[in-house]
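All remarks here apply to the structure that follows.
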Amino acid sequence: MDSFGSSTSGSTAAQPNPEAIMDQVKNQLAQAYAEEFLETVRGKCFDKCITKPGSSLSGSESSCVSRCVDRYIEATGIISRALFSQQQR
């Protein structure tokens with residue numbers, strides 16, 4: 001038996017598939033990113049743009065939220081590209 005309690009001599013026990021593990025990690029990261037994105041939009045854009053909360057958004061509030069979300073998406077894209085370009089060097 002190896003240090004993980006499984007036999008290494010001729011055992012045909014299912015080994016974790018590295019690609020499946022990577023896919024699972026990628027999915028978890030994507031979910032975490034989506035949750036962070038929504039929290040940021042909810043926090044920053046709502047606080048900045050919604051001056052009089054009510055049952056609907058005014059035209060200016062809707063426009064402000066749209067611009068705020070667009071800026072956040074653009075900023076995260078710039079940061080992501082910068083980080084990935086540094087990793088490839």
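Chain lettering (A, B, ...) mirrors the order of the structure tokens, residue numbering begins at 1 for each chain separately, and ligand numbering begins at 1 in order of display.
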
In chain A, DSSP helix (DSSP H, G or I) residues written as JSON, numbers by chain: {"A": [18, 19, 20, 21, 22, 23, 24, 25, 26, 27, 28, 29, 30, 31, 32, 33, 34, 35, 36, 37, 38, 39, 40, 41, 42, 43, 44, 45, 46, 47, 48, 49, 59, 60, 61, 62, 63, 64, 65, 66, 67, 68, 69, 70, 71, 72, 73, 74, 75, 76, 77, 78, 79, 80, 81, 82, 83, 84, 85, 86, 87]}

Shell around Ser62 of chain A at 12 Å using only C-alpha atoms, local window under 3 positions removed, as a list of chain:residue names: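 Near neighbours after the sequence-gap exclusion: A:Cys45, A:Phe46, A:Lys48, A:Cys49, A:Ile50, A:Thr51, A:Pro53, A:Ser56, A:Leu57, A:Ser58, A:Gly59, A:Val65, A:Ser66, A:Arg67, A:Cys68, A:Val69.
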